[in-house]
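S.K.: Data: input_19.cif, mmCIF, N, CA and C atoms.
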data_final
#
loop_
_atom_site.label_atom_id
_atom_site.label_comp_id
_atom_site.auth_asym_id
_atom_site.auth_seq_id
_atom_site.Cartn_x
_atom_site.Cartn_y
_atom_site.Cartn_z
N MET R 920 64.26 92.29 52.98
CA MET R 920 65.55 91.63 53.06
C MET R 920 66.60 92.55 53.72
N LYS R 921 66.59 93.86 53.30
CA LYS R 921 67.54 94.79 53.90
C LYS R 921 67.28 94.93 55.41
N THR R 922 66.01 94.93 55.80
CA THR R 922 65.66 95.04 57.21
C THR R 922 66.18 93.84 57.99
N LEU R 923 66.07 92.66 57.41
CA LEU R 923 66.55 91.45 58.06
C LEU R 923 68.06 91.50 58.24
N ILE R 924 68.78 91.92 57.22
CA ILE R 924 70.25 92.01 57.30
C ILE R 924 70.66 93.04 58.35
N CYS R 925 69.98 94.18 58.37
CA CYS R 925 70.29 95.21 59.38
C CYS R 925 70.00 94.71 60.78
N THR R 926 68.91 94.00 60.96
CA THR R 926 68.55 93.46 62.27
C THR R 926 69.57 92.45 62.75
N VAL R 927 69.96 91.54 61.86
CA VAL R 927 70.96 90.53 62.22
C VAL R 927 72.30 91.21 62.54
N GLY R 928 72.68 92.18 61.75
CA GLY R 928 73.93 92.91 62.00
C GLY R 928 73.91 93.63 63.34
N LEU R 929 72.78 94.25 63.65
CA LEU R 929 72.63 94.94 64.92
C LEU R 929 72.70 93.97 66.10
N LEU R 930 72.06 92.82 65.95
CA LEU R 930 72.11 91.80 67.01
C LEU R 930 73.53 91.28 67.22
N LEU R 931 74.25 91.07 66.14
CA LEU R 931 75.65 90.63 66.27
C LEU R 931 76.50 91.69 66.96
N LEU R 932 76.31 92.92 66.59
CA LEU R 932 77.06 94.02 67.20
C LEU R 932 76.76 94.12 68.70
N LEU R 933 75.49 94.02 69.07
CA LEU R 933 75.11 94.07 70.48
C LEU R 933 75.69 92.89 71.26
N THR R 934 75.71 91.71 70.64
CA THR R 934 76.25 90.52 71.29
C THR R 934 77.74 90.70 71.58
N VAL R 935 78.49 91.20 70.61
CA VAL R 935 79.92 91.42 70.79
C VAL R 935 80.15 92.49 71.86
N TYR R 936 79.39 93.56 71.83
CA TYR R 936 79.55 94.63 72.80
C TYR R 936 79.24 94.14 74.21
N CYS R 937 78.17 93.40 74.38
CA CYS R 937 77.76 92.94 75.71
C CYS R 937 78.72 91.92 76.30
N THR R 938 79.32 91.08 75.49
CA THR R 938 80.26 90.10 76.02
C THR R 938 81.61 90.73 76.30
N ALA R 939 81.96 91.80 75.62
CA ALA R 939 83.25 92.45 75.86
C ALA R 939 83.18 93.41 77.03
N MET R 940 82.02 93.91 77.36
CA MET R 940 81.88 94.92 78.39
C MET R 940 82.34 94.47 79.78
N PRO R 941 82.01 93.27 80.27
CA PRO R 941 82.47 92.89 81.61
C PRO R 941 83.99 92.85 81.72
N ASN R 942 84.69 92.42 80.68
CA ASN R 942 86.16 92.38 80.73
C ASN R 942 86.73 93.78 80.82
N ALA R 943 86.21 94.70 80.04
CA ALA R 943 86.70 96.07 80.08
C ALA R 943 86.39 96.71 81.43
N PHE R 944 85.23 96.43 81.97
CA PHE R 944 84.84 97.00 83.26
C PHE R 944 85.78 96.54 84.36
N ASN R 945 86.18 95.28 84.36
CA ASN R 945 87.08 94.74 85.38
C ASN R 945 88.44 95.40 85.34
N GLU R 946 88.88 95.85 84.19
CA GLU R 946 90.21 96.43 84.09
C GLU R 946 90.27 97.86 84.61
N ILE R 947 89.15 98.56 84.63
CA ILE R 947 89.20 99.94 85.10
C ILE R 947 88.64 100.11 86.51
N ALA R 948 87.90 99.12 86.99
CA ALA R 948 87.30 99.24 88.32
C ALA R 948 88.28 98.78 89.39
N PRO R 949 88.42 99.55 90.47
CA PRO R 949 89.31 99.12 91.55
C PRO R 949 88.77 97.88 92.25
N GLY R 950 89.70 97.02 92.67
CA GLY R 950 89.30 95.82 93.38
C GLY R 950 88.76 96.16 94.75
N SER R 951 89.56 96.80 95.57
CA SER R 951 89.09 97.23 96.89
C SER R 951 89.89 98.45 97.31
N CYS R 952 89.20 99.38 97.89
CA CYS R 952 89.83 100.61 98.39
C CYS R 952 89.58 100.71 99.89
N CYS R 953 90.45 101.41 100.58
CA CYS R 953 90.32 101.62 102.01
C CYS R 953 89.89 103.06 102.28
N PHE R 954 88.96 103.21 103.21
CA PHE R 954 88.49 104.54 103.58
C PHE R 954 88.77 104.85 105.05
N GLU R 955 88.99 103.81 105.83
CA GLU R 955 89.40 103.96 107.23
C GLU R 955 90.58 103.03 107.46
N PHE R 956 91.55 103.48 108.25
CA PHE R 956 92.77 102.71 108.44
C PHE R 956 93.00 102.36 109.91
N TYR R 957 93.40 101.13 110.13
CA TYR R 957 93.82 100.66 111.44
C TYR R 957 95.19 101.25 111.71
N THR R 958 95.38 101.83 112.89
CA THR R 958 96.65 102.52 113.17
C THR R 958 97.56 101.74 114.11
N GLY R 959 97.06 100.62 114.63
CA GLY R 959 97.88 99.83 115.55
C GLY R 959 98.90 98.97 114.81
N ARG R 960 99.54 98.14 115.58
CA ARG R 960 100.55 97.22 115.03
C ARG R 960 99.98 95.81 115.06
N MET R 961 100.33 95.01 114.07
CA MET R 961 99.83 93.64 113.95
C MET R 961 101.03 92.69 113.94
N PRO R 962 101.06 91.71 114.83
CA PRO R 962 102.16 90.74 114.80
C PRO R 962 102.16 89.94 113.48
N GLN R 963 103.33 89.73 112.95
CA GLN R 963 103.50 89.02 111.68
C GLN R 963 102.80 87.66 111.68
N LYS R 964 102.85 86.97 112.80
CA LYS R 964 102.28 85.62 112.85
C LYS R 964 100.76 85.60 112.73
N GLN R 965 100.11 86.76 112.96
CA GLN R 965 98.65 86.83 112.84
C GLN R 965 98.19 87.11 111.40
N ILE R 966 99.12 87.52 110.53
CA ILE R 966 98.76 87.90 109.17
C ILE R 966 98.67 86.66 108.28
N ILE R 967 97.48 86.48 107.69
CA ILE R 967 97.29 85.38 106.74
C ILE R 967 97.71 85.84 105.34
N SER R 968 97.26 87.04 104.95
CA SER R 968 97.66 87.60 103.66
C SER R 968 97.62 89.11 103.74
N ILE R 969 98.35 89.75 102.84
CA ILE R 969 98.38 91.21 102.77
C ILE R 969 98.51 91.60 101.29
N VAL R 970 97.60 92.44 100.82
CA VAL R 970 97.61 92.86 99.42
C VAL R 970 97.46 94.38 99.35
N LYS R 971 98.05 94.97 98.31
CA LYS R 971 97.93 96.41 98.10
C LYS R 971 96.55 96.73 97.55
N THR R 972 96.07 97.92 97.91
CA THR R 972 94.82 98.39 97.31
C THR R 972 95.10 98.77 95.86
N HIS R 973 94.05 98.89 95.08
CA HIS R 973 94.18 99.21 93.66
C HIS R 973 94.83 100.58 93.50
N SER R 974 95.60 100.75 92.44
CA SER R 974 96.34 102.00 92.22
C SER R 974 95.42 103.20 91.98
N SER R 975 94.16 102.97 91.60
CA SER R 975 93.26 104.09 91.37
C SER R 975 92.51 104.52 92.63
N CYS R 976 92.76 103.86 93.75
CA CYS R 976 92.12 104.26 95.00
C CYS R 976 92.69 105.61 95.45
N GLN R 977 91.85 106.40 96.10
CA GLN R 977 92.27 107.72 96.56
C GLN R 977 93.38 107.61 97.61
N GLU R 978 93.26 106.68 98.54
CA GLU R 978 94.26 106.46 99.57
C GLU R 978 94.90 105.09 99.34
N GLN R 979 96.21 105.06 99.27
CA GLN R 979 96.92 103.79 99.07
C GLN R 979 97.10 103.09 100.41
N GLY R 980 96.84 101.80 100.41
CA GLY R 980 96.96 101.04 101.64
C GLY R 980 97.14 99.56 101.36
N PHE R 981 97.10 98.79 102.42
CA PHE R 981 97.14 97.34 102.34
C PHE R 981 95.86 96.80 102.95
N VAL R 982 95.33 95.74 102.37
CA VAL R 982 94.23 95.01 102.99
C VAL R 982 94.87 93.79 103.63
N VAL R 983 94.84 93.75 104.96
CA VAL R 983 95.46 92.68 105.73
C VAL R 983 94.37 91.72 106.18
N THR R 984 94.58 90.43 105.92
CA THR R 984 93.63 89.41 106.36
C THR R 984 94.23 88.67 107.54
N THR R 985 93.46 88.61 108.63
CA THR R 985 93.88 87.88 109.82
C THR R 985 92.79 86.90 110.22
N ALA R 986 93.17 85.90 110.99
CA ALA R 986 92.18 84.91 111.45
C ALA R 986 91.23 85.53 112.47
N LYS R 987 91.74 86.39 113.34
CA LYS R 987 90.93 86.97 114.42
C LYS R 987 90.06 88.13 113.95
N ARG R 988 90.62 89.02 113.17
CA ARG R 988 89.93 90.27 112.82
C ARG R 988 89.35 90.28 111.40
N GLY R 989 89.62 89.29 110.60
CA GLY R 989 89.16 89.31 109.21
C GLY R 989 90.01 90.28 108.40
N GLU R 990 89.39 91.06 107.53
CA GLU R 990 90.12 92.02 106.70
C GLU R 990 90.12 93.39 107.36
N ILE R 991 91.31 93.99 107.42
CA ILE R 991 91.43 95.36 107.92
C ILE R 991 92.32 96.13 106.97
N CYS R 992 92.16 97.42 106.94
CA CYS R 992 92.98 98.29 106.10
C CYS R 992 94.04 98.97 106.95
N VAL R 993 95.25 99.02 106.40
CA VAL R 993 96.34 99.74 107.05
C VAL R 993 97.05 100.59 106.00
N SER R 994 97.67 101.65 106.44
CA SER R 994 98.38 102.55 105.54
C SER R 994 99.64 101.89 105.00
N GLN R 995 100.00 102.24 103.77
CA GLN R 995 101.26 101.74 103.21
C GLN R 995 102.45 102.44 103.84
N ASN R 996 102.22 103.47 104.62
CA ASN R 996 103.31 104.20 105.26
C ASN R 996 103.80 103.53 106.54
N LEU R 997 103.09 102.52 107.04
CA LEU R 997 103.52 101.84 108.26
C LEU R 997 104.63 100.85 107.95
N ASN R 998 105.74 100.98 108.67
CA ASN R 998 106.90 100.13 108.41
C ASN R 998 106.59 98.65 108.57
N TRP R 999 105.85 98.29 109.62
CA TRP R 999 105.55 96.86 109.84
C TRP R 999 104.72 96.29 108.70
N ALA R 1000 103.81 97.09 108.15
CA ALA R 1000 102.96 96.63 107.06
C ALA R 1000 103.78 96.46 105.78
N GLN R 1001 104.68 97.40 105.53
CA GLN R 1001 105.55 97.31 104.34
C GLN R 1001 106.45 96.08 104.44
N ARG R 1002 107.02 95.82 105.63
CA ARG R 1002 107.88 94.64 105.82
C ARG R 1002 107.07 93.35 105.62
N ALA R 1003 105.85 93.30 106.16
CA ALA R 1003 105.00 92.11 106.01
C ALA R 1003 104.66 91.87 104.55
N PHE R 1004 104.36 92.95 103.82
CA PHE R 1004 104.05 92.81 102.39
C PHE R 1004 105.27 92.31 101.62
N ASN R 1005 106.42 92.91 101.88
CA ASN R 1005 107.65 92.50 101.19
C ASN R 1005 108.01 91.05 101.50
N GLN R 1006 107.84 90.65 102.75
CA GLN R 1006 108.15 89.27 103.13
C GLN R 1006 107.21 88.30 102.42
N GLN R 1007 105.95 88.65 102.30
CA GLN R 1007 105.00 87.80 101.60
C GLN R 1007 105.39 87.66 100.12
N GLN R 1008 105.90 88.75 99.52
CA GLN R 1008 106.31 88.70 98.11
C GLN R 1008 107.51 87.77 97.93
N VAL R 1009 108.43 87.79 98.90
CA VAL R 1009 109.61 86.92 98.84
C VAL R 1009 109.18 85.47 98.92
N ILE R 1010 108.26 85.16 99.82
CA ILE R 1010 107.77 83.79 99.99
C ILE R 1010 107.08 83.32 98.72
N ARG R 1011 106.28 84.17 98.08
CA ARG R 1011 105.59 83.80 96.84
C ARG R 1011 106.55 83.54 95.69
N ASP R 1012 107.67 84.30 95.66
CA ASP R 1012 108.62 84.15 94.58
C ASP R 1012 109.47 82.90 94.70
N GLU R 1013 109.51 82.30 95.88
CA GLU R 1013 110.36 81.11 96.08
C GLU R 1013 109.77 79.88 95.44
#
Would you mind writing the file out in structure tokens?
M.R.:
Amino acid sequence: MKTLICTVGLLLLLTVYCTAMPNAFNEIAPGSCCFEFYTGRMPQKQIISIVKTHSSCQEQGFVVTTAKRGEICVSQNLNWAQRAFNQQQVIRDE
């Protein structure tokens, strides 16, 4: 009887641990990081979306999505990229 109770308790503990693990993993894992950066300029009208890289990435940047080039990484230090990101935030807040 004690063995049965211990086994059931262990199974319940493993079930709780396994279902909680993916949520915890998502909170600490970076979404996307950039390792190479595009250094050119991108016209605002070509940008579909622009998002910041995760704060735990070694290099901070933006992931820019365009119709022609797909996703590219650019530095957060580029003025045009910062303006495009800020403009997108204003549009979302409206």
S.K.: Distance atom C of Lys971 (chain R)-CA of Arg988 (chain R), one decimal place?
M.R.: 17.9 Å
S.K.: Take atom C of Ser974 (chain R) and atom C of Trp999 (chain R) and report the distance between them in Å, one decimal.
M.R.: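 Atom C of Trp999 (chain R) lies at a distance of 20.3 Å from atom C of Ser974 (chain R).
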S.K.: Apply the PyMOL selection byres ((chain R and resi 967-969) around 7) to the displayed file and report the matching residues as a PDB file with N, CA and C atoms, keeping the file's coordinate frame.
M.R.:
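Written out: result.pdb:
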ATOM      1  N   GLN R 963     103.330  89.730 112.950  1.00  0.00           N
ATOM      2  CA  GLN R 963     103.500  89.020 111.680  1.00  0.00           C
ATOM      3  C   GLN R 963     102.800  87.660 111.680  1.00  0.00           C
ATOM      4  N   LYS R 964     102.850  86.970 112.800  1.00  0.00           N
ATOM      5  CA  LYS R 964     102.280  85.620 112.850  1.00  0.00           C
ATOM      6  C   LYS R 964     100.760  85.600 112.730  1.00  0.00           C
ATOM      7  N   GLN R 965     100.110  86.760 112.960  1.00  0.00           N
ATOM      8  CA  GLN R 965      98.650  86.830 112.840  1.00  0.00           C
ATOM      9  C   GLN R 965      98.190  87.110 111.400  1.00  0.00           C
ATOM     10  N   ILE R 966      99.120  87.520 110.530  1.00  0.00           N
ATOM     11  CA  ILE R 966      98.760  87.900 109.170  1.00  0.00           C
ATOM     12  C   ILE R 966      98.670  86.660 108.280  1.00  0.00           C
ATOM     13  N   VAL R 970      97.600  92.440 100.820  1.00  0.00           N
ATOM     14  CA  VAL R 970      97.610  92.860  99.420  1.00  0.00           C
ATOM     15  C   VAL R 970      97.460  94.380  99.350  1.00  0.00           C
ATOM     16  N   LYS R 971      98.050  94.970  98.310  1.00  0.00           N
ATOM     17  CA  LYS R 971      97.930  96.410  98.100  1.00  0.00           C
ATOM     18  C   LYS R 971      96.550  96.730  97.550  1.00  0.00           C
ATOM     19  N   PHE R 981      97.100  98.790 102.420  1.00  0.00           N
ATOM     20  CA  PHE R 981      97.140  97.340 102.340  1.00  0.00           C
ATOM     21  C   PHE R 981      95.860  96.800 102.950  1.00  0.00           C
ATOM     22  N   VAL R 982      95.330  95.740 102.370  1.00  0.00           N
ATOM     23  CA  VAL R 982      94.230  95.010 102.990  1.00  0.00           C
ATOM     24  C   VAL R 982      94.870  93.790 103.630  1.00  0.00           C
ATOM     25  N   VAL R 983      94.840  93.750 104.960  1.00  0.00           N
ATOM     26  CA  VAL R 983      95.460  92.680 105.730  1.00  0.00           C
ATOM     27  C   VAL R 983      94.370  91.720 106.180  1.00  0.00           C
ATOM     28  N   THR R 984      94.580  90.430 105.920  1.00  0.00           N
ATOM     29  CA  THR R 984      93.630  89.410 106.360  1.00  0.00           C
ATOM     30  C   THR R 984      94.230  88.670 107.540  1.00  0.00           C
ATOM     31  N   THR R 985      93.460  88.610 108.630  1.00  0.00           N
ATOM     32  CA  THR R 985      93.880  87.880 109.820  1.00  0.00           C
ATOM     33  C   THR R 985      92.790  86.900 110.220  1.00  0.00           C
ATOM     34  N   ALA R 986      93.170  85.900 110.990  1.00  0.00           N
ATOM     35  CA  ALA R 986      92.180  84.910 111.450  1.00  0.00           C
ATOM     36  C   ALA R 986      91.230  85.530 112.470  1.00  0.00           C
ATOM     37  N   ALA R1003     105.850  93.300 106.160  1.00  0.00           N
ATOM     38  CA  ALA R1003     105.000  92.110 106.010  1.00  0.00           C
ATOM     39  C   ALA R1003     104.660  91.870 104.550  1.00  0.00           C
ATOM     40  N   PHE R1004     104.360  92.950 103.820  1.00  0.00           N
ATOM     41  CA  PHE R1004     104.050  92.810 102.390  1.00  0.00           C
ATOM     42  C   PHE R1004     105.270  92.310 101.620  1.00  0.00           C
TER      43      PHE R1004
END
S.K.: Restricting the calculation to all atoms listed in the file, which member of R:Met961, R:Val1009, R:Cys952, R:Gln1001 is positioned closest to Glu978 (chain R)?
M.R.: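 Going through R:Met961, R:Val1009, R:Cys952, R:Gln1001 one by one, the smallest distance to Glu978 (chain R) is for R:Cys952.
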S.K.: Could you tell me how far atom C of Pro962 (chain R) lies from atom N of Ala1000 (chain R), in Å and to one decimal?
M.R.: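 Atom N of Ala1000 (chain R) lies at a distance of 9.1 Å from atom C of Pro962 (chain R).
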